[in-house]
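Data block for query.txt (compact mmCIF, C-alpha atoms):
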```
# COMPACT_ATOMS: atom_id res chain seq x y z
CA MET A 1 66.96 54.54 92.56
CA LYS A 2 68.02 52.09 89.89
CA ASP A 3 69.13 48.61 91.02
CA TRP A 4 68.94 49.61 94.69
CA LYS A 5 68.25 46.04 95.82
CA LYS A 6 71.36 44.71 94.08
CA LYS A 7 73.50 47.55 95.41
CA SER A 8 72.13 47.12 98.93
CA THR A 9 72.90 43.39 98.83
CA LEU A 10 76.49 43.96 97.73
CA PHE A 11 76.97 46.62 100.38
CA LEU A 12 75.47 44.55 103.20
CA VAL A 13 77.43 41.42 102.23
CA SER A 14 80.72 43.33 102.06
CA GLN A 15 80.27 45.16 105.35
CA ASN A 16 79.12 42.14 107.29
CA ILE A 17 82.04 40.04 106.04
CA SER A 18 84.37 42.81 107.18
CA LEU A 19 82.54 43.10 110.52
CA PHE A 20 82.83 39.36 111.12
CA GLY A 21 86.62 39.37 110.86
CA SER A 22 87.04 42.58 112.83
CA SER A 23 84.83 41.34 115.66
CA ILE A 24 86.81 38.09 115.93
CA VAL A 25 89.99 40.11 116.43
CA SER A 26 88.32 42.55 118.85
CA TYR A 27 87.04 39.76 121.06
CA ALA A 28 90.32 37.89 120.90
CA ILE A 29 92.31 40.98 121.92
CA THR A 30 89.92 41.82 124.78
CA TRP A 31 89.96 38.28 126.15
CA TYR A 32 93.72 37.95 125.69
CA ILE A 33 94.28 41.07 127.79
CA THR A 34 91.66 40.01 130.35
CA LEU A 35 93.14 36.54 130.83
CA GLU A 36 96.76 37.75 130.80
CA THR A 37 96.35 40.68 133.19
CA SER A 38 92.91 40.71 134.93
CA SER A 39 93.58 44.46 135.17
CA GLY A 40 91.19 47.38 134.77
CA ALA A 41 94.17 49.61 133.95
CA TRP A 42 95.24 47.42 131.01
CA MET A 43 91.63 47.24 129.81
CA THR A 44 91.53 51.04 129.92
CA ALA A 45 94.76 51.26 127.90
CA SER A 46 93.32 48.88 125.32
CA ILE A 47 90.11 50.88 124.94
CA LEU A 48 92.02 54.16 124.66
CA CYS A 49 94.22 52.72 121.89
CA SER A 50 91.18 51.48 120.00
CA LEU A 51 89.15 54.69 120.30
CA LEU A 52 91.41 57.76 120.52
CA PRO A 53 92.93 57.42 117.00
CA GLN A 54 89.37 57.31 115.63
CA LEU A 55 88.73 60.59 117.39
CA LEU A 56 91.67 62.29 115.66
CA ILE A 57 91.12 60.91 112.16
CA SER A 58 87.37 61.53 112.32
CA LEU A 59 88.05 65.26 112.15
CA PHE A 60 88.94 64.70 108.50
CA ALA A 61 87.20 61.43 107.61
CA GLY A 62 83.77 63.05 107.39
CA VAL A 63 85.07 65.67 104.95
CA TRP A 64 86.62 62.92 102.82
CA ALA A 65 83.33 61.01 102.84
CA ASP A 66 81.53 64.09 101.50
CA ARG A 67 84.18 64.86 98.87
CA TYR A 68 85.41 61.53 97.53
CA ASN A 69 83.91 58.25 96.43
CA ARG A 70 82.73 56.53 99.61
CA LYS A 71 83.16 53.08 98.09
CA TYR A 72 86.89 53.57 97.63
CA LEU A 73 87.30 55.06 101.10
CA ILE A 74 85.70 51.95 102.60
CA MET A 75 87.85 49.61 100.52
CA CYS A 76 91.07 51.46 101.34
CA ALA A 77 90.24 51.51 105.05
CA ASP A 78 89.57 47.75 105.02
CA GLY A 79 92.89 47.15 103.29
CA PHE A 80 94.77 49.40 105.72
CA ILE A 81 93.33 47.53 108.73
CA ALA A 82 94.16 44.16 107.19
CA LEU A 83 97.78 45.18 106.53
CA ALA A 84 98.20 46.41 110.11
CA THR A 85 96.80 43.14 111.44
CA LEU A 86 99.04 41.12 109.14
CA GLY A 87 102.05 43.04 110.44
CA LEU A 88 101.08 42.11 114.00
CA VAL A 89 100.70 38.46 112.98
CA ILE A 90 104.24 38.47 111.60
CA MET A 91 105.57 40.06 114.82
CA PHE A 92 103.83 37.45 116.96
CA PHE A 93 105.19 34.65 114.78
CA LYS A 94 108.68 36.06 115.41
CA GLY A 95 108.10 35.93 119.15
CA ASN A 96 107.48 39.65 119.69
CA ASP A 97 104.16 39.10 121.46
CA SER A 98 104.26 41.95 123.98
CA LEU A 99 101.11 43.72 125.11
CA SER A 100 102.67 47.01 124.05
CA MET A 101 102.82 45.90 120.41
CA LEU A 102 99.19 44.81 120.67
CA MET A 103 98.31 48.34 121.82
CA VAL A 104 100.22 49.94 118.94
CA VAL A 105 98.50 47.86 116.25
CA SER A 106 95.12 48.38 117.92
CA ALA A 107 95.72 52.11 117.50
CA ILE A 108 96.64 51.66 113.81
CA ARG A 109 93.49 49.58 113.24
CA SER A 110 91.50 52.35 114.93
CA VAL A 111 92.69 54.85 112.31
CA GLY A 112 91.27 52.65 109.53
CA ALA A 113 87.98 52.26 111.37
CA GLY A 114 87.81 56.03 111.83
CA VAL A 115 88.02 56.57 108.07
CA GLN A 116 85.57 53.78 107.28
CA THR A 117 82.72 54.54 109.70
CA PRO A 118 81.50 57.92 108.34
CA ALA A 119 81.71 56.62 104.77
CA VAL A 120 79.63 53.54 105.65
CA GLY A 121 76.95 55.62 107.40
CA ALA A 122 76.75 58.09 104.53
CA LEU A 123 76.78 55.54 101.69
CA LEU A 124 73.58 53.64 102.51
CA PRO A 125 71.10 56.51 101.85
CA GLN A 126 72.98 57.13 98.61
CA ILE A 127 71.89 53.73 97.26
CA VAL A 128 68.62 53.05 99.16
CA PRO A 129 65.29 54.93 98.77
CA THR A 130 64.35 56.97 101.87
CA GLU A 131 61.20 54.95 102.58
CA LYS A 132 63.27 51.73 102.69
CA LEU A 133 66.02 52.97 105.03
CA THR A 134 64.51 51.63 108.27
CA ARG A 135 63.95 48.16 106.81
CA ILE A 136 67.44 47.96 105.23
CA ASN A 137 69.07 49.24 108.42
CA GLY A 138 67.08 46.63 110.33
CA ILE A 139 68.24 43.88 107.98
CA ASN A 140 71.81 45.11 108.42
CA GLN A 141 71.42 45.02 112.20
CA THR A 142 70.01 41.48 111.98
CA CYS A 143 72.86 40.22 109.78
CA SER A 144 75.44 41.95 111.95
CA SER A 145 73.94 40.48 115.11
CA LEU A 146 73.93 36.99 113.60
CA LEU A 147 77.61 37.26 112.69
CA LEU A 148 78.46 38.82 116.04
CA MET A 149 76.75 35.88 117.72
CA VAL A 150 79.01 33.48 115.83
CA SER A 151 82.24 35.49 116.05
CA PRO A 152 82.77 35.15 119.84
CA ALA A 153 82.55 31.37 119.49
CA VAL A 154 84.98 31.46 116.56
CA GLY A 155 87.26 33.89 118.37
CA GLY A 156 87.15 31.85 121.56
CA ALA A 157 87.85 28.62 119.69
CA LEU A 158 90.79 30.15 117.79
CA LEU A 159 92.18 31.82 120.92
CA GLY A 160 91.89 28.66 123.01
CA ALA A 161 93.04 26.13 120.40
CA ALA A 162 95.50 28.00 118.18
CA GLY A 163 96.32 31.28 119.93
CA ILE A 164 95.69 34.90 119.14
CA VAL A 165 97.74 34.80 115.91
CA TRP A 166 95.18 32.70 114.04
CA ALA A 167 92.33 34.81 115.38
CA MET A 168 94.02 37.84 113.82
CA MET A 169 94.54 36.02 110.53
CA ALA A 170 90.76 35.65 110.23
CA ASP A 171 90.49 39.44 109.93
CA VAL A 172 93.07 39.55 107.14
CA ILE A 173 91.16 36.93 105.14
CA THR A 174 87.71 38.47 105.63
CA ALA A 175 88.99 41.95 104.78
CA ALA A 176 90.26 40.66 101.43
CA MET A 177 86.88 39.04 100.76
CA ALA A 178 85.00 42.23 101.70
CA ILE A 179 87.12 44.34 99.35
CA CYS A 180 86.45 41.93 96.47
CA VAL A 181 82.67 42.12 97.02
CA MET A 182 82.67 45.91 97.38
CA ALA A 183 84.55 46.23 94.08
CA PHE A 184 81.36 45.19 92.22
CA LEU A 185 79.31 48.02 93.77
CA LYS A 186 78.87 51.05 91.50
CA VAL A 187 78.56 54.30 93.46
CA GLN A 188 78.99 57.88 92.29
CA LYS A 189 81.07 60.45 94.12
CA PRO A 190 78.89 62.77 96.31
CA ARG A 191 77.83 66.10 94.88
CA ALA A 192 80.24 68.50 96.55
CA GLU A 193 79.28 72.11 97.20
CA GLY A 194 81.51 75.15 97.56
CA VAL A 195 85.26 75.33 97.45
CA LEU A 196 87.44 72.28 98.01
CA SER A 197 88.76 73.45 101.38
CA MET A 198 89.04 70.76 104.04
CA TRP A 199 89.04 73.22 106.95
CA HIS A 200 86.08 75.12 105.52
CA ASP A 201 84.12 71.90 105.09
CA LEU A 202 85.09 70.74 108.58
CA ARG A 203 83.92 73.96 110.23
CA GLU A 204 80.74 73.96 108.16
CA GLY A 205 79.95 70.37 109.10
CA ILE A 206 80.45 71.00 112.83
CA ALA A 207 78.35 74.19 112.69
CA TYR A 208 75.58 72.39 110.82
CA THR A 209 75.54 69.45 113.26
CA THR A 210 75.50 71.57 116.42
CA GLY A 211 73.03 74.11 114.98
CA HIS A 212 70.44 71.71 113.56
CA PRO A 213 67.48 71.48 116.02
CA VAL A 214 66.99 67.72 115.64
CA VAL A 215 70.54 66.58 114.95
CA SER A 216 71.95 68.56 117.89
CA ARG A 217 69.47 66.94 120.29
CA ILE A 218 70.42 63.47 119.06
CA LEU A 219 74.07 64.46 119.53
CA VAL A 220 73.59 65.42 123.19
CA TYR A 221 71.64 62.28 124.11
CA TYR A 222 74.09 60.18 122.09
CA GLY A 223 77.03 61.51 124.09
CA ILE A 224 75.33 60.94 127.45
CA ALA A 225 74.29 57.42 126.51
CA PHE A 226 77.73 56.41 125.24
CA PHE A 227 79.33 57.60 128.47
CA LEU A 228 76.90 55.59 130.60
CA ILE A 229 77.05 52.49 128.39
CA THR A 230 80.85 52.35 128.75
CA PRO A 231 80.94 50.10 131.86
CA ALA A 232 78.63 47.47 130.37
CA ALA A 233 80.33 47.65 126.97
CA PHE A 234 83.93 47.26 128.13
CA LEU A 235 83.98 46.05 131.74
CA SER A 236 81.52 43.16 131.46
CA PRO A 237 84.29 40.64 130.50
CA LEU A 238 86.23 41.74 133.58
CA MET A 239 83.08 41.41 135.69
CA VAL A 240 82.45 37.88 134.41
CA GLU A 241 86.08 36.88 135.02
CA ARG A 242 86.12 38.20 138.59
CA ILE A 243 82.68 37.07 139.74
CA PHE A 244 81.73 33.96 137.77
CA GLY A 245 85.06 32.49 136.56
CA SER A 246 87.89 32.99 134.09
CA GLU A 247 87.01 30.20 131.64
CA VAL A 248 87.04 31.29 128.00
CA TRP A 249 83.58 29.75 127.46
CA ARG A 250 82.11 32.19 129.98
CA LEU A 251 83.61 35.16 128.12
CA SER A 252 82.31 33.70 124.86
CA ALA A 253 78.83 33.16 126.34
CA ASN A 254 78.79 36.76 127.55
CA GLU A 255 79.18 38.03 123.97
CA ILE A 256 77.11 35.31 122.26
CA ILE A 257 74.04 35.82 124.44
CA TRP A 258 74.25 39.60 124.05
CA THR A 259 74.34 39.29 120.28
CA ALA A 260 71.54 36.69 120.37
CA GLY A 261 69.40 39.36 122.02
CA SER A 262 70.58 41.88 119.46
CA LEU A 263 69.64 39.43 116.71
CA ALA A 264 66.12 39.18 118.13
CA GLY A 265 65.90 42.98 118.22
CA GLY A 266 67.13 43.21 114.62
CA VAL A 267 64.51 40.73 113.46
CA TYR A 268 61.85 42.87 115.13
CA VAL A 269 63.11 46.04 113.42
CA SER A 270 63.19 44.30 110.02
CA TRP A 271 59.64 43.02 110.54
CA LYS A 272 58.42 46.42 111.79
CA GLY A 273 59.80 48.19 108.74
CA SER A 274 59.43 51.73 110.12
CA PHE A 275 59.07 53.73 113.34
CA LYS A 276 56.54 56.57 113.48
CA ASN A 277 58.01 58.11 116.64
CA LYS A 278 61.75 57.55 116.60
CA TRP A 279 62.29 59.68 119.73
CA LEU A 280 60.03 57.31 121.66
CA VAL A 281 62.07 54.35 120.44
CA ILE A 282 65.30 56.05 121.59
CA ALA A 283 63.87 56.90 125.02
CA VAL A 284 62.46 53.41 125.64
CA SER A 285 65.79 51.88 124.54
CA TYR A 286 67.70 54.02 127.04
CA ILE A 287 65.32 53.00 129.84
CA GLY A 288 65.60 49.35 128.81
CA PHE A 289 69.39 49.53 128.80
CA GLY A 290 69.39 51.21 132.21
CA ILE A 291 67.13 48.64 133.87
CA THR A 292 69.03 45.68 132.46
CA PHE A 293 72.45 47.14 133.29
CA ALA A 294 71.33 47.62 136.89
CA LEU A 295 70.04 44.03 136.97
CA LEU A 296 73.46 42.80 135.79
CA GLY A 297 74.89 44.21 138.98
CA VAL A 298 72.52 42.20 141.18
CA SER A 299 72.50 38.87 139.29
CA PRO A 300 73.81 36.19 141.71
CA TYR A 301 74.04 33.35 139.17
CA PHE A 302 75.68 33.20 135.77
CA TRP A 303 72.56 31.84 134.06
CA MET A 304 70.59 34.79 135.45
CA TYR A 305 73.30 37.18 134.27
CA LEU A 306 73.04 35.70 130.76
CA ALA A 307 69.25 36.04 130.75
CA VAL A 308 69.56 39.74 131.58
CA ILE A 309 72.31 40.31 129.02
CA PHE A 310 70.06 38.74 126.36
CA LEU A 311 67.23 41.12 127.24
CA SER A 312 69.65 44.06 127.19
CA GLY A 313 70.83 43.14 123.70
CA THR A 314 67.32 43.38 122.26
CA PHE A 315 67.33 47.16 122.74
CA MET A 316 70.42 47.82 120.60
CA PRO A 317 68.97 47.40 117.06
CA PRO A 318 65.91 49.65 117.68
CA LEU A 319 68.14 52.32 119.22
CA ALA A 320 70.79 52.16 116.48
CA THR A 321 68.22 52.04 113.67
CA ALA A 322 66.05 54.87 115.01
CA SER A 323 69.07 57.14 115.54
CA THR A 324 70.72 56.32 112.21
CA VAL A 325 67.58 56.63 110.10
CA MET A 326 66.64 59.91 111.78
CA LEU A 327 70.02 61.31 110.77
CA GLN A 328 69.77 59.89 107.25
CA GLU A 329 66.32 61.45 106.82
CA GLN A 330 67.16 64.83 108.34
CA VAL A 331 70.57 65.51 106.76
CA GLU A 332 71.30 66.31 103.11
CA GLU A 333 73.40 63.74 101.23
CA GLN A 334 76.33 66.10 100.72
CA ARG A 335 76.65 66.65 104.51
CA LEU A 336 76.04 63.12 105.77
CA GLY A 337 79.70 62.15 105.98
CA ARG A 338 80.59 65.11 108.16
CA VAL A 339 77.56 64.62 110.42
CA PHE A 340 78.39 60.96 110.95
CA SER A 341 82.01 61.90 111.63
CA VAL A 342 80.92 64.33 114.36
CA PHE A 343 78.93 61.55 115.97
CA GLN A 344 81.93 59.25 115.68
CA ILE A 345 84.07 61.92 117.33
CA ILE A 346 81.61 62.10 120.23
CA SER A 347 81.64 58.33 120.74
CA ALA A 348 85.42 58.16 120.34
CA ALA A 349 85.88 60.98 122.88
CA VAL A 350 83.20 60.11 125.42
CA MET A 351 83.98 56.41 125.80
CA PRO A 352 87.71 56.92 126.54
CA VAL A 353 86.72 59.52 129.13
CA GLY A 354 84.33 56.97 130.56
CA MET A 355 87.08 54.33 130.65
CA LEU A 356 89.51 56.77 132.30
CA ILE A 357 86.93 57.02 135.08
CA PHE A 358 85.33 53.58 135.19
CA GLY A 359 88.42 51.50 134.31
CA PRO A 360 90.62 52.50 137.28
CA MET A 361 87.49 52.64 139.45
CA ALA A 362 86.92 48.95 138.68
CA ASP A 363 90.16 48.11 140.50
CA TRP A 364 88.91 49.54 143.83
CA VAL A 365 85.09 49.53 143.53
CA ASP A 366 83.00 46.42 142.91
CA ILE A 367 82.07 46.44 139.20
CA ARG A 368 78.51 45.49 140.13
CA TRP A 369 78.01 48.85 141.82
CA ILE A 370 79.35 50.60 138.72
CA MET A 371 76.80 48.71 136.58
CA ILE A 372 73.94 49.64 138.92
CA GLY A 373 74.89 53.32 139.02
CA SER A 374 75.31 53.72 135.26
CA GLY A 375 72.06 51.83 134.69
CA LEU A 376 70.04 54.11 136.94
CA LEU A 377 71.45 57.20 135.23
CA LEU A 378 70.48 55.76 131.82
CA VAL A 379 66.92 55.27 133.07
CA LEU A 380 66.80 58.92 134.14
CA THR A 381 68.09 59.97 130.69
CA GLY A 382 65.30 58.02 128.98
CA ILE A 383 62.67 59.51 131.29
CA PHE A 384 63.97 63.01 130.55
CA ILE A 385 63.56 62.40 126.80
CA LEU A 386 59.99 61.19 127.37
CA LYS A 387 59.17 64.27 129.42
CA ARG A 388 60.19 66.50 126.52
CA LYS A 389 56.76 65.52 125.12
CA ILE A 390 58.20 63.97 121.99
```
Let me see the file written as structure tokens.
Amino acid sequence: MKDWKKKSTLFLVSQNISLFGSSIVSYAITWYITLETSSGAWMTASILCSLLPQLLISLFAGVWADRYNRKYLIMCADGFIALATLGLVIMFFKGNDSLSMLMVVSAIRSVGAGVQTPAVGALLPQIVPTEKLTRINGINQTCSSLLLMVSPAVGGALLGAAGIVWAMMADVITAAMAICVMAFLKVQKPRAEGVLSMWHDLREGIAYTTGHPVVSRILVYYGIAFFLITPAAFLSPLMVERIFGSEVWRLSANEIIWTAGSLAGGVYVSWKGSFKNKWLVIAVSYIGFGITFALLGVSPYFWMYLAVIFLSGTFMPPLATASTVMLQEQVEEQRLGRVFSVFQIISAAVMPVGMLIFGPMADWVDIRWIMIGSGLLLVLTGIFILKRKI
């Protein structure tokens, strides 16, 4: 592929700038709700608003990613999210700072993310040689982890010193920067096959994903894992607030240490360059997540909790890279968008279901027991994959 290094650099820079701003807003919203309500029900409502719209739009986003120029889809989605956030900023400046309005704009932002995600996943193998996918995905995970390690501190500082409005403004600014960088990337429209029928393409993509022997197995394990990861992913701020204290620095440390571990895992993946047995990597990552999640539930001191959360974070880049590269290697370019959209649908459907169960449960069951239970089930999932003699 001609100029693949230059194209990869532009793509990685653009996406990580966008990720930085979005993560600042995500953390700020989560902490704002946590500190204002200390309610599992409100946390559940927040997660539903941020995930369910992705579920609905993903039905079509994958088809768009396989039919239209993925570069422009990503740029338009970034712009749409920035405009929604700017609208919320204006409302807050006018004094309309209700939690309900925060939920509405979170849902609008979710629509943009739903369009963007399949296009991002499908674009990378379009500009990177197959043998370089693991390394480039590892570099992307490393850069993302580094920015995610910084963004909680930035989000916490903005939330504590200037309020949630200025945290949201950071996303507007970074989105504009990301769009400008992406504009320099030259990418061709995917080679479409068959008639231009959205419903035909949608049905064909779902049938292909569920019928493919490798992709369908990844899909099943992916769904199980996302369900069981839900408590650690979304209830850990509530757990920190209830057990260790409600200071913003503790919530920031929770995210920073996790992403520090993820950064270490990303560096390892980049150094490794490739995985011979990607199923083994997935299974070991599930077991690692399960053990560490269970340990979170029994950590009596905050420093011990942070040590475990660091170790847990190291498993994310190998898991994400192994799963993503396996899909990018197994699936034809003209179907990648739809396959990634099906996976996005699974995550967007499974995690709200998980929050509908675990969120209200967190108001009458000690969150530590929820962490232990979900961790043990993740360990069993990893062992099951290993026993398939992969």
Next item on the list: Would you kindly return, as number ranges by chain, each protein, DNA or RNA residue with an atom no farther than 9 Å from any atom of Thr292 of chain A, considering all atoms listed in the file and excluding same-chain residues fewer than 6 positions away?
Entry: A: 308-309, 311-312, 375
Next item on the list: Could you give me, as a ChimeraX atom specification, the residues that sit within 12 Å of (71.1, 54.8, 137.4) in the file's coordinates, counting only C-alpha atoms?
Entry: /A:225,228-229,286-295,297,369-383
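Residues in contact range of segment 265-275 of chain A, defined as at most 9 Å between all atoms listed in the file, with sequence neighbours fewer than 3 positions away removed, read Glu131, Lys132, Leu133, Thr134, Arg135, Ile136, Asn137, Gly138, Ile139, Asn140, Gln141, Thr142, Cys143, Ser144, Ser145, Ala260, Gly261, Ser262, Lys278, Val281, Gly313, Thr314, Phe315, Met316, Pro317, Pro318, Thr321 and Ala322 of chain A.
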Could you please take those selected residues and save C-alpha atoms as a PDB file, keeping the file's coordinate frame?
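Printed below is part_23.pdb as written:
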```pdb
ATOM      1  CA  GLU A 131      61.200  54.950 102.580  1.00  0.00           C
ATOM      2  CA  LYS A 132      63.270  51.730 102.690  1.00  0.00           C
ATOM      3  CA  LEU A 133      66.020  52.970 105.030  1.00  0.00           C
ATOM      4  CA  THR A 134      64.510  51.630 108.270  1.00  0.00           C
ATOM      5  CA  ARG A 135      63.950  48.160 106.810  1.00  0.00           C
ATOM      6  CA  ILE A 136      67.440  47.960 105.230  1.00  0.00           C
ATOM      7  CA  ASN A 137      69.070  49.240 108.420  1.00  0.00           C
ATOM      8  CA  GLY A 138      67.080  46.630 110.330  1.00  0.00           C
ATOM      9  CA  ILE A 139      68.240  43.880 107.980  1.00  0.00           C
ATOM     10  CA  ASN A 140      71.810  45.110 108.420  1.00  0.00           C
ATOM     11  CA  GLN A 141      71.420  45.020 112.200  1.00  0.00           C
ATOM     12  CA  THR A 142      70.010  41.480 111.980  1.00  0.00           C
ATOM     13  CA  CYS A 143      72.860  40.220 109.780  1.00  0.00           C
ATOM     14  CA  SER A 144      75.440  41.950 111.950  1.00  0.00           C
ATOM     15  CA  SER A 145      73.940  40.480 115.110  1.00  0.00           C
ATOM     16  CA  ALA A 260      71.540  36.690 120.370  1.00  0.00           C
ATOM     17  CA  GLY A 261      69.400  39.360 122.020  1.00  0.00           C
ATOM     18  CA  SER A 262      70.580  41.880 119.460  1.00  0.00           C
ATOM     19  CA  LYS A 278      61.750  57.550 116.600  1.00  0.00           C
ATOM     20  CA  VAL A 281      62.070  54.350 120.440  1.00  0.00           C
ATOM     21  CA  GLY A 313      70.830  43.140 123.700  1.00  0.00           C
ATOM     22  CA  THR A 314      67.320  43.380 122.260  1.00  0.00           C
ATOM     23  CA  PHE A 315      67.330  47.160 122.740  1.00  0.00           C
ATOM     24  CA  MET A 316      70.420  47.820 120.600  1.00  0.00           C
ATOM     25  CA  PRO A 317      68.970  47.400 117.060  1.00  0.00           C
ATOM     26  CA  PRO A 318      65.910  49.650 117.680  1.00  0.00           C
ATOM     27  CA  THR A 321      68.220  52.040 113.670  1.00  0.00           C
ATOM     28  CA  ALA A 322      66.050  54.870 115.010  1.00  0.00           C
TER      29      ALA A 322
END
```
Check: Of the residues A:Leu280, A:Ile385, A:Ala65, A:Leu356, which is the one nearest to Tyr221 of chain A, using only C-alpha atoms?
Finding: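 Among the listed residues, A:Ile385 lies closest to Tyr221 of chain A.
The shortest atom-to-atom distance to Ser22 of chain A, with only C-alpha atoms taken into account, belongs to A:Arg109 out of A:Arg109, A:Lys186, A:Lys387, A:Lys276.
With distances restricted to only C-alpha atoms, A:Ile81 is the closest residue to Leu19 of chain A from A:Ile90, A:Leu185, A:Val214, A:Ile81.
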Next item on the list: List the residues sitting within 8 Å of (92.1, 52.4, 112.6) in the file's frame, using only C-alpha atoms, as an MDAnalysis selection string.
Entry: chainID A and resid 50 53:54 77 80:81 106:115
Check: Restricting the calculation to all atoms listed in the file, which member of A:Gln328, A:Thr37, A:Ser299, A:Gln344 is positioned closest to Leu219 of chain A?
Finding: A:Gln344
Notebook entry, point to check: What does the distance from atom CA of Ala41 of chain A to atom CA of Asp363 of chain A come to in Å, to one decimal?
Noted result: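 Atom-to-atom, atom CA of Ala41 of chain A to atom CA of Asp363 of chain A, that is 7.8 Å.
Atom CA of Val284 of chain A lies 26.8 Å from atom CA of Val240 of chain A.
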Next item on the list: Would you kindly return, as a ChimeraX atom specification, each protein, DNA or RNA residue with an atom no farther than 10 Å from any atom of Val165 of chain A, considering all atoms listed in the file and excluding same-chain residues fewer than 6 positions away?
Entry: /A:25,28,85-86,88-93,97,158-159
Only C-alpha atoms, please: the residues just picked out, written as a PDB file, keeping the file's coordinate frame.
```
ATOM      1  CA  VAL A  25      89.990  40.110 116.430  1.00  0.00           C
ATOM      2  CA  ALA A  28      90.320  37.890 120.900  1.00  0.00           C
ATOM      3  CA  THR A  85      96.800  43.140 111.440  1.00  0.00           C
ATOM      4  CA  LEU A  86      99.040  41.120 109.140  1.00  0.00           C
ATOM      5  CA  LEU A  88     101.080  42.110 114.000  1.00  0.00           C
ATOM      6  CA  VAL A  89     100.700  38.460 112.980  1.00  0.00           C
ATOM      7  CA  ILE A  90     104.240  38.470 111.600  1.00  0.00           C
ATOM      8  CA  MET A  91     105.570  40.060 114.820  1.00  0.00           C
ATOM      9  CA  PHE A  92     103.830  37.450 116.960  1.00  0.00           C
ATOM     10  CA  PHE A  93     105.190  34.650 114.780  1.00  0.00           C
ATOM     11  CA  ASP A  97     104.160  39.100 121.460  1.00  0.00           C
ATOM     12  CA  LEU A 158      90.790  30.150 117.790  1.00  0.00           C
ATOM     13  CA  LEU A 159      92.180  31.820 120.920  1.00  0.00           C
TER      14      LEU A 159
END
```
Distance table requested - segment 156-177 of chain A against segment 248-254 of chain A, cut-off 9 Å, all atoms listed in the file: one row per qualifying residue with the closest atom pair and its distance in Å to one decimal, ordered by chain and rising residue number, as CSV.
```
residue,atom,partner,partner_atom,distance
A:Gly156,CA,A:Ser252,CA,6.1
A:Ala157,CA,A:Val248,CA,8.8
A:Leu159,CA,A:Val248,CA,8.8
A:Gly160,CA,A:Val248,CA,7.4
```
Next item on the list: Rank nothing, just name the residue among A:Ile224, A:Leu327, A:Ala232, A:Leu123 nearest to Lys189 of chain A, using all atoms listed in the file.
Entry: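 So, comparing all the options, the nearest one is A:Leu123.
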Item checked: Selected residue, from A:Met168, A:Leu296, A:Ala233, A:Val339, that lies nearest to Asp66 of chain A when counting only C-alpha atoms -> A:Val339
Next item on the list: Mind giving me the straight-line distance from atom CA of Gly359 of chain A to atom CA of Tyr27 of chain A in Å, one decimal?
Entry: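 Calculated distance between atom CA of Gly359 of chain A and atom CA of Tyr27 of chain A is 17.8 Å.
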Hey, which bits of segment 107-179 of chain A sit within 8 Å of segment 4-11 of chain A, and for each residue what's the closest pair of atoms and how far apart in Å (one decimal), counting only C-alpha atoms, rows by chain and increasing number, as a tab-separated table?
```
residue	atom	partner	partner_atom	distance
A:Leu124	CA	A:Ser8	CA	7.6
A:Ile127	CA	A:Trp4	CA	5.7
A:Val128	CA	A:Trp4	CA	5.6
A:Pro129	CA	A:Trp4	CA	7.6
A:Ile136	CA	A:Ser8	CA	7.9
```
Checklist line | Spatial neighbours of Val120 of chain A, max dist 8 Å, all atoms listed in the file, sep filter under 4 positions, as a list in words | finding: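 Using all atoms listed in the file, the neighbours found are Arg70, Ile74, Gln116 and Leu124 of chain A.
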Note to self: Residues within 10 Å of segment 57-63 of chain A, please, as number ranges by chain. Count all atoms listed in the file; anything in the same chain fewer than 2 positions from it doesn't count.
What the structure shows: A: 52-55, 65-68, 73, 110-119, 122, 196-206, 334-346, 348
How big is the axis-aligned box around the listed atoms of segment 311-326 of chain A once 5 Å is added on each side, and where is its centre? Give both in Å to one decimal, as AutoDock Vina command-line options.
```
--center_x 68.4 --center_y 50.5 --center_z 118.7 --size_x 14.9 --size_y 28.8 --size_z 27.1
```
